[in-house]
$ cat work-v1.cif   # mmCIF, C-alpha atoms
data_input
loop_
_atom_site.label_atom_id
_atom_site.label_comp_id
_atom_site.auth_asym_id
_atom_site.auth_seq_id
_atom_site.Cartn_x
_atom_site.Cartn_y
_atom_site.Cartn_z
CA MET A 1 -1.61 -32.70 10.43
CA ILE A 2 0.12 -29.52 9.28
CA SER A 3 -1.44 -26.34 10.65
CA THR A 4 -2.21 -23.29 8.55
CA ASN A 5 0.51 -21.30 10.31
CA GLU A 6 3.07 -24.01 9.53
CA LEU A 7 2.12 -23.85 5.85
CA LEU A 8 2.47 -20.09 5.84
CA GLY A 9 5.80 -20.05 7.67
CA LEU A 10 5.19 -16.57 9.07
CA GLU A 11 4.89 -17.17 12.79
CA GLY A 12 7.60 -15.33 14.72
CA LYS A 13 8.76 -13.42 11.65
CA THR A 14 8.98 -9.62 11.65
CA ILE A 15 7.40 -7.27 9.14
CA VAL A 16 7.94 -3.54 8.79
CA ILE A 17 4.95 -1.54 7.50
CA THR A 18 5.28 2.03 6.25
CA GLY A 19 2.15 4.17 6.19
CA ALA A 20 0.97 1.90 8.98
CA ALA A 21 -1.53 4.30 10.55
CA GLY A 22 -3.62 4.48 7.37
CA ILE A 23 -6.89 2.63 6.95
CA ILE A 24 -5.57 -0.08 4.63
CA CYS A 25 -2.28 -0.73 6.40
CA SER A 26 -3.92 -0.77 9.84
CA ALA A 27 -6.12 -3.63 8.65
CA LEU A 28 -3.18 -5.45 7.10
CA ALA A 29 -1.19 -5.04 10.30
CA GLU A 30 -3.89 -6.77 12.30
CA GLY A 31 -4.09 -9.50 9.68
CA PHE A 32 -0.36 -10.16 9.99
CA CYS A 33 -0.73 -10.35 13.75
CA THR A 34 -3.33 -13.11 13.41
CA VAL A 35 -0.73 -15.41 11.80
CA GLY A 36 1.80 -14.78 14.57
CA MET A 37 4.01 -12.10 13.08
CA ASN A 38 5.83 -9.34 14.92
CA VAL A 39 4.71 -6.05 13.42
CA MET A 40 6.68 -2.80 13.30
CA LEU A 41 4.39 0.13 12.50
CA LEU A 42 6.04 3.12 10.81
CA ASP A 43 4.23 6.34 10.00
CA TYR A 44 4.77 10.09 9.74
CA ASN A 45 1.88 10.24 12.20
CA LEU A 46 3.69 8.87 15.27
CA GLU A 47 0.63 9.22 17.48
CA GLY A 48 -1.40 7.10 15.06
CA ALA A 49 1.30 4.43 14.83
CA GLU A 50 1.71 4.21 18.59
CA LYS A 51 -2.05 4.11 19.16
CA LEU A 52 -2.39 1.21 16.72
CA ALA A 53 0.55 -0.57 18.36
CA THR A 54 -1.14 -0.27 21.76
CA GLU A 55 -4.44 -1.63 20.42
CA LEU A 56 -2.82 -4.57 18.64
CA SER A 57 -0.55 -5.38 21.58
CA ALA A 58 -3.63 -5.73 23.77
CA LYS A 59 -5.10 -8.25 21.31
CA PHE A 60 -1.83 -10.08 20.64
CA PRO A 61 0.20 -9.88 23.87
CA ASN A 62 2.70 -12.58 22.89
CA GLN A 63 3.99 -10.70 19.85
CA ILE A 64 6.28 -7.70 19.45
CA ILE A 65 4.27 -4.78 18.09
CA LYS A 66 5.76 -1.29 18.14
CA GLY A 67 5.05 2.10 16.59
CA PHE A 68 7.74 4.41 15.23
CA PHE A 69 8.02 7.74 13.44
CA VAL A 70 9.31 7.76 9.89
CA ASN A 71 9.48 10.14 6.98
CA VAL A 72 9.78 7.79 3.99
CA LEU A 73 11.23 10.62 1.90
CA GLU A 74 14.29 11.08 4.14
CA GLU A 75 16.96 8.38 4.18
CA GLN A 76 18.25 9.25 7.65
CA ALA A 77 14.76 9.08 9.12
CA VAL A 78 14.28 5.61 7.63
CA MET A 79 17.68 4.51 8.93
CA ASP A 80 16.84 5.83 12.38
CA ALA A 81 13.60 3.86 12.37
CA LYS A 82 15.46 0.72 11.32
CA ASN A 83 17.98 1.11 14.13
CA GLU A 84 15.17 1.52 16.66
CA ILE A 85 13.36 -1.56 15.37
CA LEU A 86 16.49 -3.70 15.69
CA LYS A 87 16.51 -2.97 19.43
CA TYR A 88 13.38 -5.11 19.70
CA VAL A 89 13.89 -7.85 17.09
CA PRO A 90 17.01 -9.61 15.77
CA GLN A 91 16.16 -9.13 12.11
CA ILE A 92 13.57 -7.78 9.67
CA ASP A 93 12.08 -10.47 7.45
CA PHE A 94 9.50 -8.57 5.38
CA LEU A 95 8.68 -5.06 4.22
CA LEU A 96 5.28 -3.71 3.27
CA ASN A 97 5.57 -0.40 1.43
CA GLY A 98 2.25 1.12 2.37
CA ALA A 99 3.10 4.83 2.40
CA GLY A 100 1.44 6.67 -0.47
CA GLY A 101 -1.53 8.77 -1.44
CA ASN A 102 -2.93 11.46 -3.67
CA ASN A 103 -2.88 15.27 -3.51
CA PRO A 104 -5.65 17.67 -4.63
CA LYS A 105 -3.04 19.78 -6.46
CA GLY A 106 -2.36 16.82 -8.75
CA THR A 107 -6.01 16.43 -9.77
CA THR A 108 -8.40 18.09 -12.20
CA ASP A 109 -12.01 19.16 -11.66
CA VAL A 110 -13.21 17.98 -15.08
CA GLU A 111 -12.96 14.49 -16.54
CA GLN A 112 -12.54 15.69 -20.13
CA ILE A 113 -11.98 18.97 -21.92
CA ILE A 114 -15.14 19.67 -23.92
CA PRO A 115 -14.75 22.94 -25.85
CA GLY A 116 -17.36 25.46 -24.83
CA GLN A 117 -18.69 23.29 -22.00
CA SER A 118 -15.92 22.50 -19.54
CA GLU A 119 -15.80 24.48 -16.30
CA GLY A 120 -13.19 23.96 -13.63
CA THR A 121 -9.53 22.98 -13.65
CA ASN A 122 -8.12 20.75 -16.37
CA PHE A 123 -4.74 19.41 -17.51
CA PHE A 124 -3.33 22.90 -18.09
CA ASP A 125 -4.06 23.89 -14.49
CA LEU A 126 -2.16 21.01 -12.86
CA GLN A 127 0.44 22.22 -10.36
CA TRP A 128 3.91 20.72 -10.31
CA GLU A 129 3.99 21.04 -6.55
CA GLY A 130 1.15 18.56 -6.22
CA PHE A 131 2.34 16.31 -9.06
CA ASN A 132 5.84 16.04 -7.59
CA ARG A 133 4.47 15.41 -4.11
CA VAL A 134 2.39 12.47 -5.35
CA PHE A 135 5.34 10.93 -7.22
CA ASP A 136 7.70 11.42 -4.29
CA LEU A 137 5.32 9.92 -1.76
CA ASN A 138 4.41 6.89 -3.86
CA LEU A 139 7.57 6.04 -5.81
CA LYS A 140 10.41 7.49 -3.75
CA GLY A 141 8.48 6.52 -0.62
CA THR A 142 8.61 2.92 -1.83
CA MET A 143 12.13 2.85 -3.23
CA LEU A 144 13.94 4.47 -0.30
CA PRO A 145 12.59 2.18 2.47
CA THR A 146 13.32 -0.80 0.23
CA GLN A 147 16.96 0.28 -0.07
CA VAL A 148 17.21 0.55 3.70
CA PHE A 149 15.28 -2.52 4.83
CA ALA A 150 16.04 -5.03 2.06
CA LYS A 151 19.83 -4.96 2.26
CA GLU A 152 20.07 -7.52 5.06
CA MET A 153 17.41 -9.66 3.36
CA ILE A 154 19.72 -9.90 0.36
CA GLU A 155 22.66 -10.79 2.60
CA ARG A 156 20.63 -13.58 4.26
CA LYS A 157 19.17 -14.66 0.88
CA GLU A 158 15.63 -14.67 2.22
CA GLY A 159 12.74 -12.29 2.65
CA ALA A 160 9.91 -10.69 0.72
CA ILE A 161 8.72 -7.21 -0.16
CA LEU A 162 5.11 -6.28 -0.77
CA ASN A 163 4.22 -3.02 -2.51
CA ILE A 164 0.81 -1.40 -2.73
CA SER A 165 -0.22 -0.45 -6.23
CA SER A 166 -3.72 0.57 -7.30
CA MET A 167 -6.39 -0.16 -9.87
CA ASN A 168 -5.37 3.21 -11.34
CA ALA A 169 -2.16 1.59 -12.54
CA PHE A 170 -4.18 -0.70 -14.85
CA ARG A 171 -7.11 1.56 -15.71
CA PRO A 172 -6.17 5.24 -15.21
CA LEU A 173 -9.06 7.14 -13.72
CA THR A 174 -10.09 10.57 -14.89
CA LYS A 175 -9.22 13.56 -12.69
CA ILE A 176 -6.19 11.96 -10.98
CA PRO A 177 -3.31 11.88 -13.48
CA ALA A 178 -0.53 12.19 -10.91
CA TYR A 179 -1.76 9.32 -8.77
CA SER A 180 -2.48 7.06 -11.75
CA ALA A 181 0.98 7.65 -13.21
CA ALA A 182 2.69 7.21 -9.85
CA LYS A 183 0.98 3.89 -9.19
CA SER A 184 1.84 2.71 -12.70
CA SER A 185 5.45 3.32 -11.75
CA ILE A 186 4.97 1.07 -8.71
CA ASN A 187 3.92 -1.80 -10.99
CA ASN A 188 6.98 -1.36 -13.17
CA PHE A 189 9.30 -0.96 -10.19
CA THR A 190 7.85 -4.10 -8.59
CA GLU A 191 8.59 -6.14 -11.71
CA TRP A 192 12.05 -4.64 -12.18
CA LEU A 193 13.06 -5.22 -8.57
CA ALA A 194 11.69 -8.76 -8.57
CA VAL A 195 14.07 -9.64 -11.42
CA HIS A 196 16.95 -7.76 -9.77
CA PHE A 197 16.51 -9.63 -6.47
CA ALA A 198 15.42 -13.03 -7.80
CA LYS A 199 18.72 -14.92 -7.58
CA ALA A 200 19.37 -13.41 -4.15
CA GLY A 201 16.30 -15.16 -2.72
CA VAL A 202 14.18 -12.07 -2.04
CA ARG A 203 10.75 -11.93 -3.65
CA VAL A 204 8.95 -8.70 -4.65
CA ASN A 205 5.23 -8.53 -5.37
CA ALA A 206 2.37 -6.08 -5.10
CA ILE A 207 -1.36 -5.90 -4.55
CA ALA A 208 -3.57 -3.52 -6.51
CA PRO A 209 -6.63 -2.60 -4.46
CA GLY A 210 -9.76 -1.60 -6.30
CA PHE A 211 -11.98 0.90 -4.58
CA PHE A 212 -11.89 1.28 -0.82
CA LEU A 213 -12.82 4.40 1.11
CA THR A 214 -9.61 5.87 2.54
CA ASN A 215 -8.45 9.22 3.87
CA GLN A 216 -6.78 9.93 0.51
CA ASN A 217 -9.80 9.48 -1.74
CA ARG A 218 -12.69 10.46 0.52
CA PHE A 219 -12.71 14.03 -0.84
CA LEU A 220 -13.47 12.67 -4.33
CA LEU A 221 -16.02 10.04 -3.35
CA ILE A 222 -18.11 11.43 -0.49
CA ASN A 223 -20.04 14.70 -0.45
CA PRO A 224 -18.89 16.38 2.79
CA GLU A 225 -22.21 18.17 3.22
CA THR A 226 -24.56 15.22 2.74
CA GLY A 227 -22.31 12.24 3.47
CA GLU A 228 -23.64 10.58 0.31
CA MET A 229 -21.70 9.18 -2.64
CA THR A 230 -20.68 11.66 -5.31
CA PRO A 231 -21.65 10.96 -8.95
CA ARG A 232 -18.05 9.78 -9.44
CA ALA A 233 -18.38 7.30 -6.60
CA GLN A 234 -21.63 5.96 -8.00
CA LYS A 235 -19.93 5.49 -11.37
CA ILE A 236 -17.21 3.44 -9.68
CA VAL A 237 -19.73 1.18 -7.97
CA ASN A 238 -21.67 0.76 -11.20
CA ASN A 239 -18.50 -0.42 -12.94
CA THR A 240 -17.52 -2.84 -10.19
CA PRO A 241 -19.27 -6.14 -10.96
CA MET A 242 -19.70 -6.92 -7.26
CA GLY A 243 -21.54 -3.62 -6.94
CA ARG A 244 -19.81 -2.26 -3.86
CA TYR A 245 -16.62 -0.89 -2.36
CA GLY A 246 -14.14 -3.33 -0.91
CA GLU A 247 -13.77 -3.92 2.81
CA VAL A 248 -10.19 -3.41 3.96
CA ASP A 249 -10.01 -6.83 5.61
CA GLU A 250 -10.52 -8.31 2.14
CA LEU A 251 -6.93 -7.33 1.34
CA ILE A 252 -5.48 -9.48 4.10
CA GLY A 253 -5.64 -12.96 2.58
CA THR A 254 -3.81 -12.08 -0.64
CA SER A 255 -1.17 -10.10 1.26
CA ILE A 256 -0.46 -12.96 3.66
CA TYR A 257 -0.24 -15.39 0.76
CA LEU A 258 2.30 -13.26 -1.12
CA LEU A 259 4.56 -13.03 1.94
CA SER A 260 4.20 -16.67 2.93
CA ASP A 261 6.06 -19.86 2.04
CA MET A 262 3.03 -20.84 -0.02
CA ALA A 263 4.16 -18.23 -2.58
CA ARG A 264 7.85 -19.03 -2.49
CA PHE A 265 7.97 -19.38 -6.32
CA VAL A 266 5.91 -16.23 -6.88
CA THR A 267 7.68 -12.98 -7.64
CA GLY A 268 7.16 -9.96 -9.89
CA ILE A 269 3.36 -10.04 -9.93
CA VAL A 270 0.69 -7.46 -9.12
CA ILE A 271 -2.61 -8.98 -7.98
CA PRO A 272 -5.80 -6.93 -8.40
CA ILE A 273 -8.21 -7.07 -5.46
CA ASP A 274 -11.02 -5.14 -7.04
CA GLY A 275 -14.38 -6.88 -7.08
CA GLY A 276 -13.99 -7.52 -10.81
CA PHE A 277 -13.42 -3.89 -11.85
CA SER A 278 -10.40 -4.71 -14.04
CA ALA A 279 -12.33 -7.47 -15.83
CA TYR A 280 -15.36 -5.35 -16.74
CA SER A 281 -15.61 -3.32 -19.94
CA GLY A 282 -18.69 -1.41 -18.78
CA VAL A 283 -20.87 -3.22 -21.30
#
$ encode --input "work-v1.cif" --output "structure tokens"
Amino acid sequence: MISTNELLGLEGKTIVITGAAGIICSALAEGFCTVGMNVMLLDYNLEGAEKLATELSAKFPNQIIKGFFVNVLEEQAVMDAKNEILKYVPQIDFLLNGAGGNNPKGTTDVEQIIPGQSEGTNFFDLQWEGFNRVFDLNLKGTMLPTQVFAKEMIERKEGAILNISSMNAFRPLTKIPAYSAAKSSINNFTEWLAVHFAKAGVRVNAIAPGFFLTNQNRFLLINPETGEMTPRAQKIVNNTPMGRYGEVDELIGTSIYLLSDMARFVTGIVIPIDGGFSAYSGV
């Protein structure tokens, strides 16, 4: 009888994860370990990446799990990380582009401009510093690591890339125009790159998480004084048919599938993992 790991074809393969110390990518890293993968954890927060590597190595002692520093916005830093990784493994089979996030300077206080009623920052108060930072981190921070880590995949004619999009790419949320636009660009880039790489045997897909509490969105969803959900957070839950936030481990199954041999004819797609949010009109 064929085992699950044989069907997946991931055991012994190596994945590089950027943004690995974050809440979502930490959970995905552990999920990849459970199917026998070697996991290379890259993050600007070296301490966080190394701490996670130590924790996962204790749980999965027969696999190669290492933490490294990277700045996904600097080509040399990404190259340096790649060279360090190749001291531990013979090749890199998969890339998860997990680095990304929002910035308060790319957000507005009000959802809509209502003449005579609106108080707080709006579209005209957006700062280019914050807007550019969000685009750089999400789009450039996906494109540059892909240029560095996918080249040998193309030469071997095998491998897969998984990007992290967002529900904002399908249904732009109020207050966060920079993040919504940046994640929309991830969807388009995923589709474009999937076509570009298709005949070279390298697949490119993405997942689009719905609403999960992370370090990037906590300031919008949780009142720091009371610890309770903000009105915005309650609105999100009300418009999620399952009536709750997602748990980060609920992203693991889809991510493993998209990397695995079970999806070897799947490329150029973005799968929502959102508790039904994208299917619900609010009525």
$ atom_distance --input "work-v1.cif" --atom1 "CA of Gly36 in chain A" --atom2 "CA of Asn5 in chain A"
7.9 Å
$ resolve_selection --input "work-v1.cif" --expression "the PyMOL selection byres ((chain A and resi 67) around 8)" --output "ChimeraX atom specification"
/A:40-43,46,49-53,65-66,68-69
$ closest_residue --input "work-v1.cif" --among "A:Phe94, A:Tyr88, A:Phe32, A:Tyr179" --to "Ile252 in chain A" --atoms "all atoms listed in the file"
A:Phe32
$ resolve_selection --input "work-v1.cif" --expression "the PyMOL selection byres ((chain A and resi 79) around 10)" --output "PyMOL selection string"
chain A and resi 70+72+74-78+80-85+144-145+147-149
$ resolve_selection --input "work-v1.cif" --expression "the PyMOL selection byres ((chain A and resi 233) around 12)" --output "MDAnalysis selection string"
chainID A and resid 173 211:213 217:223 227:232 234:240 243:245
$ axis_aligned_box --input "work-v1.cif" --around "range 119-129 of chain A" --padding-each-side "6 Å" --output "JSON"
{"center_x": -5.9, "center_y": 21.9, "center_z": -12.3, "size_x": 31.8, "size_y": 17.1, "size_z": 23.5}
$ residues_around --input "work-v1.cif" --residues "range 246-251 of chain A" --least-positions-apart "4" --cutoff "12 Å" --atoms "all atoms listed in the file" --output "mmCIF file with C-alpha atoms, in the frame of the given file"
data_model
loop_
_atom_site.group_PDB
_atom_site.id
_atom_site.type_symbol
_atom_site.label_atom_id
_atom_site.label_comp_id
_atom_site.auth_asym_id
_atom_site.auth_seq_id
_atom_site.Cartn_x
_atom_site.Cartn_y
_atom_site.Cartn_z
ATOM 1 C CA GLY A 22 -3.620 4.480 7.370
ATOM 2 C CA ILE A 23 -6.890 2.630 6.950
ATOM 3 C CA ILE A 24 -5.570 -0.080 4.630
ATOM 4 C CA CYS A 25 -2.280 -0.730 6.400
ATOM 5 C CA SER A 26 -3.920 -0.770 9.840
ATOM 6 C CA ALA A 27 -6.120 -3.630 8.650
ATOM 7 C CA LEU A 28 -3.180 -5.450 7.100
ATOM 8 C CA ALA A 29 -1.190 -5.040 10.300
ATOM 9 C CA GLU A 30 -3.890 -6.770 12.300
ATOM 10 C CA GLY A 31 -4.090 -9.500 9.680
ATOM 11 C CA PHE A 32 -0.360 -10.160 9.990
ATOM 12 C CA ILE A 164 0.810 -1.400 -2.730
ATOM 13 C CA ALA A 206 2.370 -6.080 -5.100
ATOM 14 C CA ILE A 207 -1.360 -5.900 -4.550
ATOM 15 C CA ALA A 208 -3.570 -3.520 -6.510
ATOM 16 C CA PRO A 209 -6.630 -2.600 -4.460
ATOM 17 C CA GLY A 210 -9.760 -1.600 -6.300
ATOM 18 C CA PHE A 211 -11.980 0.900 -4.580
ATOM 19 C CA PHE A 212 -11.890 1.280 -0.820
ATOM 20 C CA LEU A 213 -12.820 4.400 1.110
ATOM 21 C CA THR A 214 -9.610 5.870 2.540
ATOM 22 C CA ILE A 236 -17.210 3.440 -9.680
ATOM 23 C CA VAL A 237 -19.730 1.180 -7.970
ATOM 24 C CA THR A 240 -17.520 -2.840 -10.190
ATOM 25 C CA PRO A 241 -19.270 -6.140 -10.960
ATOM 26 C CA MET A 242 -19.700 -6.920 -7.260
ATOM 27 C CA SER A 255 -1.170 -10.100 1.260
ATOM 28 C CA ILE A 256 -0.460 -12.960 3.660
ATOM 29 C CA TYR A 257 -0.240 -15.390 0.760
ATOM 30 C CA LEU A 258 2.300 -13.260 -1.120
ATOM 31 C CA ILE A 271 -2.610 -8.980 -7.980
ATOM 32 C CA PRO A 272 -5.800 -6.930 -8.400
ATOM 33 C CA ILE A 273 -8.210 -7.070 -5.460
ATOM 34 C CA ASP A 274 -11.020 -5.140 -7.040
ATOM 35 C CA GLY A 275 -14.380 -6.880 -7.080
ATOM 36 C CA GLY A 276 -13.990 -7.520 -10.810
ATOM 37 C CA PHE A 277 -13.420 -3.890 -11.850
#
$ atom_distance --input "work-v1.cif" --atom1 "CA of Ala160 in chain A" --atom2 "CA of Thr146 in chain A"
10.5 Å
$ atom_distance --input "work-v1.cif" --atom1 "CA of Gly9 in chain A" --atom2 "CA of Asn188 in chain A"
28.0 Å
$ closest_residue --input "work-v1.cif" --among "A:Asp93, A:Gly101, A:Leu139, A:Gly116" --to "Lys157 in chain A" --atoms "all atoms listed in the file"
A:Asp93
$ residues_around --input "work-v1.cif" --residues "Lys199 in chain A" --least-positions-apart "2" --cutoff "12 Å" --atoms "all atoms listed in the file" --output "MDAnalysis selection string"
chainID A and resid 154:155 157:158 193:197 201:204 265 267
$ closest_residue --input "work-v1.cif" --among "A:Thr108, A:Thr142, A:Thr254, A:Asn102" --to "Asn168 in chain A" --atoms "all atoms listed in the file"
A:Asn102
